[in-house]
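Undergrad: I'm passing along final.txt; it holds compact mmCIF, C-alpha atoms.
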```txt
# COMPACT_ATOMS: atom_id res chain seq x y z
CA MET S 248 2.60 80.43 -41.66
CA LEU S 249 -0.51 79.36 -39.76
CA SER S 250 1.17 76.32 -38.22
CA GLU S 251 3.70 76.78 -35.44
CA PRO S 252 7.25 76.33 -36.76
CA ARG S 253 9.25 73.57 -35.11
CA SER S 254 12.05 76.07 -34.57
CA GLY S 255 9.62 78.19 -32.57
CA ARG S 256 8.75 75.29 -30.28
CA LEU S 257 12.40 74.38 -29.75
CA ALA S 258 13.44 77.96 -29.01
CA ALA S 259 10.48 78.74 -26.74
CA TRP S 260 10.65 75.58 -24.64
CA GLY S 261 14.44 75.53 -24.73
CA ASN S 262 14.39 79.03 -23.26
CA ALA S 263 11.82 77.97 -20.63
CA LEU S 264 14.14 75.12 -19.65
CA LEU S 265 17.14 77.44 -19.37
CA ALA S 266 15.09 79.79 -17.18
CA GLY S 267 14.07 76.92 -14.87
CA PHE S 268 10.34 77.06 -15.66
CA VAL S 269 10.09 73.48 -16.95
CA SER S 270 11.92 70.19 -16.56
CA PRO S 271 14.10 68.73 -19.34
CA ASP S 272 11.58 65.97 -20.05
CA ASP S 273 8.63 68.39 -20.20
CA ALA S 274 10.55 70.70 -22.53
CA ALA S 275 11.40 67.79 -24.84
CA LEU S 276 7.77 66.61 -24.91
CA ALA S 277 6.53 70.10 -25.79
CA ILE S 278 9.11 70.46 -28.57
CA VAL S 279 8.20 67.12 -30.13
CA GLY S 280 4.49 67.96 -30.06
CA ASP S 281 2.57 65.75 -32.48
CA ASP S 282 5.72 64.37 -34.11
CA ALA S 283 6.92 60.86 -33.31
CA VAL S 284 10.48 61.66 -32.29
CA HIS S 285 13.14 64.38 -32.50
CA ARG S 286 16.88 63.77 -32.46
CA VAL S 287 19.92 66.04 -32.66
CA GLU S 288 23.01 65.12 -34.65
CA GLY S 289 26.37 66.84 -34.96
CA LEU S 290 26.64 67.79 -31.29
CA PRO S 291 30.25 68.20 -30.15
CA GLY S 292 31.31 65.12 -28.23
CA GLU S 293 28.61 62.86 -29.68
CA ARG S 294 29.29 60.30 -32.43
CA GLY S 295 25.69 60.06 -33.64
CA PRO S 296 22.18 61.44 -33.13
CA VAL S 297 20.96 61.83 -29.53
CA GLY S 298 17.58 62.49 -27.95
CA LEU S 299 16.31 65.99 -27.24
CA THR S 300 16.68 65.78 -23.46
CA LEU S 301 20.35 64.89 -23.71
CA ALA S 302 20.93 67.40 -26.50
CA LEU S 303 19.41 70.32 -24.57
CA GLY S 304 21.56 69.45 -21.56
CA ARG S 305 24.69 69.16 -23.68
CA LEU S 306 24.06 72.51 -25.35
CA ARG S 307 23.64 74.14 -21.96
CA ALA S 308 26.94 72.61 -20.83
CA LEU S 309 28.56 74.01 -23.98
CA GLY S 310 27.57 77.52 -22.89
CA VAL S 311 24.19 78.10 -24.54
CA THR S 312 22.20 80.72 -22.61
CA GLY S 313 19.26 81.21 -24.97
CA TYR S 314 17.71 80.34 -28.31
CA ARG S 315 16.62 82.57 -31.17
CA VAL S 316 14.49 81.69 -34.19
CA ALA S 317 15.27 82.33 -37.85
CA LEU S 318 12.54 82.13 -40.53
CA PRO S 319 14.38 82.94 -43.75
CA ALA S 320 12.89 83.17 -47.23
CA PRO S 321 14.55 83.79 -50.63
CA GLY S 322 16.02 87.28 -50.55
CA HIS S 323 15.22 87.68 -46.85
CA PRO S 324 17.70 86.03 -44.42
CA LEU S 325 15.47 86.81 -41.44
CA GLY S 326 17.16 85.93 -38.16
CA LEU S 327 20.35 84.52 -39.69
CA SER S 328 23.91 85.63 -39.00
CA GLY S 329 25.99 83.24 -41.14
CA PRO S 330 28.16 81.57 -42.18
CA PRO S 331 26.88 80.93 -45.74
CA ALA S 332 26.78 77.14 -45.28
CA PHE S 333 24.44 77.43 -42.30
CA ASN S 334 22.34 80.11 -43.99
CA ALA S 335 21.89 77.93 -47.08
CA ARG S 336 20.72 74.97 -45.03
CA ALA S 337 18.36 77.15 -42.99
CA LEU S 338 16.93 78.72 -46.14
CA ASP S 339 16.28 75.27 -47.58
CA ALA S 340 14.40 74.29 -44.40
CA GLU S 341 12.78 77.75 -44.15
CA GLU S 342 13.61 77.82 -40.43
CA ALA S 343 16.39 77.40 -37.90
CA VAL S 344 17.33 77.97 -34.28
CA VAL S 345 20.41 80.02 -33.43
CA ALA S 346 21.92 79.66 -29.96
CA SER S 347 23.02 82.58 -27.81
CA GLY S 348 26.12 82.23 -25.63
CA ALA S 349 27.72 79.57 -27.83
CA ALA S 350 28.18 79.60 -31.61
CA TYR S 351 25.83 76.78 -32.60
CA GLY S 352 22.70 76.59 -34.73
CA LEU S 353 20.10 73.89 -35.31
CA VAL S 354 18.32 73.20 -38.60
CA PRO S 355 15.49 70.64 -38.79
CA GLU S 356 15.23 67.91 -41.40
CA VAL S 357 11.79 66.29 -41.47
CA TYR S 358 11.06 62.70 -42.50
CA GLU S 359 7.48 61.56 -43.10
CA ALA S 360 6.11 58.06 -43.72
CA GLY S 361 2.70 56.43 -43.78
CA PRO S 362 -0.71 57.06 -45.33
CA ALA S 363 -2.71 60.27 -45.04
CA GLY S 364 -4.20 60.56 -41.58
CA ASP S 365 -1.58 58.29 -40.06
CA VAL S 366 1.69 59.99 -40.96
CA HIS S 367 4.75 59.13 -38.84
CA VAL S 368 7.00 62.20 -38.53
CA GLU S 369 10.60 62.11 -37.37
CA VAL S 370 12.79 65.20 -37.11
CA VAL S 371 16.57 65.35 -37.10
CA TRP S 372 18.07 68.63 -35.95
CA HIS S 373 21.49 69.25 -37.48
CA CYS S 374 23.82 71.08 -35.10
CA LEU S 375 26.17 73.34 -37.05
CA PRO S 376 28.58 76.20 -36.28
CA VAL S 377 27.22 79.73 -36.69
CA ARG S 378 28.73 83.18 -36.77
CA GLU S 379 28.40 85.24 -33.59
CA ALA S 380 26.77 88.37 -34.99
CA PRO S 381 23.45 90.22 -34.68
CA PRO S 382 20.61 88.37 -36.48
CA ALA S 383 19.40 89.89 -39.73
CA ASP S 384 16.31 92.12 -39.89
CA VAL S 385 14.71 91.18 -36.55
CA PRO S 386 12.51 93.99 -35.15
CA SER S 387 11.81 94.77 -31.51
CA LEU S 388 8.48 93.63 -30.09
CA GLY S 389 7.19 97.20 -30.21
CA GLU S 390 8.16 97.61 -33.87
CA ALA S 391 6.66 94.23 -34.74
CA GLU S 392 3.37 95.08 -33.04
CA ARG S 393 3.05 98.39 -34.89
CA GLU S 394 3.90 96.76 -38.23
CA LEU S 395 1.38 93.98 -37.63
CA ALA S 396 -1.46 96.41 -36.85
CA GLU S 397 -0.84 98.25 -40.11
CA ALA S 398 -0.44 95.02 -42.10
CA LEU S 399 -3.65 93.54 -40.70
CA ARG S 400 -5.61 96.65 -41.61
CA ASP S 401 -4.22 96.78 -45.15
CA ALA S 402 -4.55 93.04 -45.77
CA THR S 403 -8.12 92.87 -44.47
CA GLU S 404 -9.18 95.74 -46.70
CA VAL S 405 -7.62 94.40 -49.89
CA LEU S 406 -8.46 90.72 -49.37
CA SER S 407 -12.05 91.52 -48.45
CA ARG S 408 -12.36 93.48 -51.68
CA LEU S 409 -10.96 90.52 -53.59
CA ASP S 410 -13.45 88.20 -51.84
CA VAL S 411 -11.06 85.81 -50.14
CA ALA S 412 -13.84 84.96 -47.68
CA ALA S 413 -15.79 83.41 -50.55
CA SER S 414 -13.12 80.81 -51.22
CA GLY S 415 -15.34 77.95 -50.08
CA PRO S 416 -15.43 75.18 -47.46
CA VAL S 417 -11.67 74.68 -47.31
CA ALA S 418 -11.19 78.30 -46.31
CA GLU S 419 -13.98 78.00 -43.74
CA ALA S 420 -12.33 74.89 -42.28
CA ALA S 421 -9.03 76.76 -41.94
CA ILE S 422 -10.78 79.58 -40.10
CA ASP S 423 -12.59 77.12 -37.82
CA ALA S 424 -9.30 75.37 -37.01
CA TYR S 425 -7.71 78.67 -36.08
CA ARG S 426 -10.64 79.62 -33.84
CA ALA S 427 -10.49 76.23 -32.10
CA ARG S 428 -6.78 76.66 -31.48
CA ALA S 429 -7.27 80.20 -30.19
CA SER S 430 -10.01 79.05 -27.79
CA ARG S 431 -7.46 76.92 -25.90
CA GLY S 432 -6.12 80.15 -24.45
CA ALA S 433 -3.17 82.45 -24.80
CA GLY S 434 -1.11 80.50 -22.30
CA GLU S 435 -0.33 77.81 -24.86
CA THR S 436 0.92 80.18 -27.52
CA LEU S 437 4.39 80.45 -25.99
CA ALA S 438 6.28 78.63 -23.26
CA PRO S 439 6.36 79.85 -19.63
CA GLY S 440 8.59 82.83 -18.97
CA TYR S 441 7.72 84.89 -22.04
CA PRO S 442 6.38 88.44 -21.56
CA PRO S 443 2.66 89.00 -22.31
CA ARG S 444 3.54 91.33 -25.17
CA ALA S 445 5.39 88.52 -26.94
CA VAL S 446 2.31 86.31 -26.64
CA ARG S 447 0.14 89.11 -28.05
CA VAL S 448 2.48 89.73 -30.98
CA LEU S 449 2.71 86.04 -31.85
CA GLU S 450 -1.08 85.60 -31.74
CA LEU S 451 -1.56 88.59 -34.05
CA ALA S 452 1.11 87.24 -36.42
CA GLN S 453 -0.74 83.90 -36.50
CA ARG S 454 -4.00 85.69 -37.23
CA ILE S 455 -2.40 87.40 -40.20
CA GLY S 456 -0.89 84.05 -41.16
CA LEU S 457 -4.43 82.69 -41.40
CA LEU S 458 -5.37 85.35 -43.94
CA ILE S 459 -2.29 84.55 -45.98
CA SER S 460 -2.88 80.78 -45.85
CA VAL S 461 -6.50 81.10 -46.90
CA ALA S 462 -5.59 83.43 -49.75
CA TYR S 463 -2.75 81.26 -51.08
CA GLU S 464 -4.31 77.82 -50.57
CA ASN S 465 -7.82 78.37 -51.89
CA GLY S 466 -7.43 79.46 -55.46
CA HIS S 467 -8.23 82.97 -56.59
CA GLY S 468 -11.52 83.38 -54.73
CA GLY S 469 -13.29 86.38 -56.18
CA ALA S 470 -10.17 87.75 -57.89
CA VAL S 471 -11.13 86.77 -61.40
CA SER S 472 -9.20 89.35 -63.37
CA ALA S 473 -5.46 89.42 -63.95
CA SER S 474 -5.20 92.82 -62.31
CA GLU S 475 -7.04 91.63 -59.21
CA MET S 476 -4.83 88.54 -58.94
CA ALA S 477 -1.75 90.74 -59.27
CA ALA S 478 -3.13 93.05 -56.57
CA ARG S 479 -3.57 90.10 -54.25
CA GLY S 480 0.03 88.99 -54.74
CA GLU S 481 1.30 92.52 -54.19
CA VAL S 482 -0.47 92.85 -50.86
CA LEU S 483 0.31 89.33 -49.61
CA ARG S 484 4.08 89.44 -50.09
CA PRO S 485 4.82 92.39 -47.79
CA VAL S 486 2.21 91.24 -45.27
CA GLU S 487 3.75 87.76 -45.14
CA ARG S 488 7.15 89.36 -44.58
CA VAL S 489 5.82 91.47 -41.70
CA ALA S 490 4.17 88.42 -40.09
CA ARG S 491 7.38 86.39 -40.30
CA ARG S 492 9.36 89.26 -38.76
CA ALA S 493 6.84 89.46 -35.94
CA GLN S 494 6.98 85.73 -35.26
CA VAL S 495 10.75 85.89 -34.94
CA ALA S 496 10.53 88.94 -32.66
CA ALA S 497 8.07 87.11 -30.39
CA TYR S 498 10.10 83.91 -30.13
CA ASN S 499 13.31 85.88 -29.60
CA ALA S 500 11.83 88.08 -26.86
CA TYR S 501 13.25 85.92 -24.07
CA VAL S 502 16.85 86.32 -25.28
CA GLU S 503 16.42 90.01 -26.11
CA GLU S 504 15.04 90.73 -22.62
CA ARG S 505 17.87 88.86 -20.92
CA GLU S 506 20.48 90.74 -22.93
CA ARG S 507 18.93 94.09 -22.00
CA GLU S 508 19.15 93.14 -18.32
CA ARG S 509 22.90 92.58 -18.45
```
Show this structure as structure tokens.
TA:
Amino acid sequence: MLSEPRSGRLAAWGNALLAGFVSPDDAALAIVGDDAVHRVEGLPGERGPVGLTLALGRLRALGVTGYRVALPAPGHPLGLSGPPAFNARALDAEEAVVASGAAYGLVPEVYEAGPAGDVHVEVVWHCLPVREAPPADVPSLGEAERELAEALRDATEVLSRLDVAASGPVAEAAIDAYRARASRGAGETLAPGYPPRAVRVLELAQRIGLLISVAYENGHGGAVSASEMAARGEVLRPVERVARRAQVAAYNAYVEERERER
């Protein structure tokens, strides 16, 4: 949750490209990020995988006018609209991009090679048909912001009581990494063209994601009893759900705003 999903980068910078805020090459570079290379396979009219720049242009020519994000989890098809074959693949990847204006979706498959500290990452985006229908369970930005404020308050209270902050140096390193990322400025959270409220919602969702990551990745902290461990799980599950919903709402804000203007 703390790390930016690849589907979020593709949707955000793909939308910035469609809006004319960035060039095709700059959008592709931003989407790839720290990975080595991204390719897209299954595009209509292409026999094999193609580079991101060509793929984004081809999708635009096919009628794509925007990109939405899906971050599904078992029992929660967040952002998906079907068909079942696409949903299953997206659920396996835990993320996907769903195009607006043309019935296509993109699901990433990640390949890693090399030793720790020098990992070579390649991503293949599988282009598949999707159902043209409203995405599942995606809130408005206003709803997401209200839910996040409540979730942050509840999570902070419970996790502080269970002593998550005492989880040790790994937890402290995670917090330091988040602070360093935040210090780069809000402008890097989303691509150009997104409303300030979307940036604010995404940053708050990432902050809550930090709490969840620290709690899940650093043992039981001060929660030494079975009841305390159960209480932690009970509070983390709904909070994680709220944070995922908010992330999707933030990334999808560009498309939602354009559709309201029509």
Undergrad: How many Å lie between CA of Asp401 (chain S) and CA of Leu457 (chain S), rounded to one decimal?
TA: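 We find that CA of Asp401 (chain S) and CA of Leu457 (chain S) lie 14.6 Å from each other.
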Undergrad: Tell me, as a ChimeraX atom specification, which residues lie within 10 Å of Leu399 (chain S), counting all atoms listed in the file; anything in the same chain fewer than 6 positions away does not count.
TA: /S:451-452,454-456,458,486,489-490
Undergrad: Tell me, in Å to one decimal, how far CA of Glu487 (chain S) is from CA of Ala438 (chain S).
TA: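 Computing the Euclidean distance for CA of Glu487 (chain S) and CA of Ala438 (chain S) yields 23.8 Å.
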Undergrad: I'd like to know which of S:Val357, S:Leu449, S:Val502, S:Leu306 is closest to Gly292 (chain S), using all atoms listed in the file.
TA: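 With all atoms listed in the file as the atom set, the closest residue is S:Leu306.
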Undergrad: Write out as a count of residues only the residues lying within 9 Å of Ala497 (chain S), counting only C-alpha atoms and excluding same-chain residues fewer than 2 positions away.
TA: 18
Undergrad: Which value, in Å to one decimal, gives the distance between CA of Pro271 (chain S) and CA of Arg505 (chain S)?
TA: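 Answer for the CA of Pro271 (chain S) to CA of Arg505 (chain S) separation: 20.5 Å.
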Undergrad: For Trp260 (chain S), which of S:Pro355, S:Pro381, S:Gly313, S:Pro296 is the closest residue, counting all atoms listed in the file?
TA: S:Gly313
Undergrad: Taking only C-alpha atoms into account, name the residue in S:Ala277, S:Ala380, S:Val368, S:Leu309 that is nearest to Gly329 (chain S).
TA: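 Nearest candidate to Gly329 (chain S) out of S:Ala277, S:Ala380, S:Val368, S:Leu309: S:Ala380.
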Undergrad: At a cut-off of 12 Å, using all atoms listed in the file, what residues contact Asp365 (chain S)? Leave out same-chain residues fewer than 4 positions from it and give the result as a ChimeraX atom specification.
TA: /S:281-283,359-361
Undergrad: Residues at most 12 Å from Gly304 (chain S), counting all atoms listed in the file, excluding those fewer than 6 positions away in the same chain, as a compact mmCIF listing (two decimals) with C-alpha atoms, keeping the file's coordinate frame?
TA:
```
# COMPACT_ATOMS: atom_id res chain seq x y z
CA GLY S 261 14.44 75.53 -24.73
CA LEU S 264 14.14 75.12 -19.65
CA LEU S 265 17.14 77.44 -19.37
CA SER S 270 11.92 70.19 -16.56
CA PRO S 271 14.10 68.73 -19.34
CA ASP S 272 11.58 65.97 -20.05
CA ALA S 274 10.55 70.70 -22.53
CA ALA S 275 11.40 67.79 -24.84
CA VAL S 287 19.92 66.04 -32.66
CA LEU S 290 26.64 67.79 -31.29
CA VAL S 297 20.96 61.83 -29.53
CA GLY S 298 17.58 62.49 -27.95
CA GLY S 310 27.57 77.52 -22.89
CA VAL S 311 24.19 78.10 -24.54
CA THR S 312 22.20 80.72 -22.61
```
Undergrad: Please determine, counting only C-alpha atoms, which residue among S:Glu356, S:Gly440, S:Leu338, S:Arg378 has the shortest atom-to-atom distance to Val269 (chain S).
TA: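 Closest to Val269 (chain S) of all the choices is S:Gly440.
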Undergrad: With all atoms of region 312-323 of chain S from the file as input, state the centre and edge lengths in Å to one decimal of the axis-aligned box that has 5 Å extra on each side, as AutoDock Vina command-line options.
TA:
```
--center_x 17.4 --center_y 84.0 --center_z -36.6 --size_x 19.7 --size_y 17.3 --size_z 38.0
```
Undergrad: Smallest atom-to-atom distance to Leu375 (chain S): which of S:Asp273, S:Glu288, S:Glu251, S:Glu508, using all atoms listed in the file?
TA: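 Among the listed residues, S:Glu288 lies closest to Leu375 (chain S).
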Undergrad: Which residue, S:Pro439, S:Ala317, S:Ala363, S:Glu392, has the smallest gap to Phe268 (chain S) when you use only C-alpha atoms?
TA: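 Closest residue, counting only C-alpha atoms: S:Pro439.
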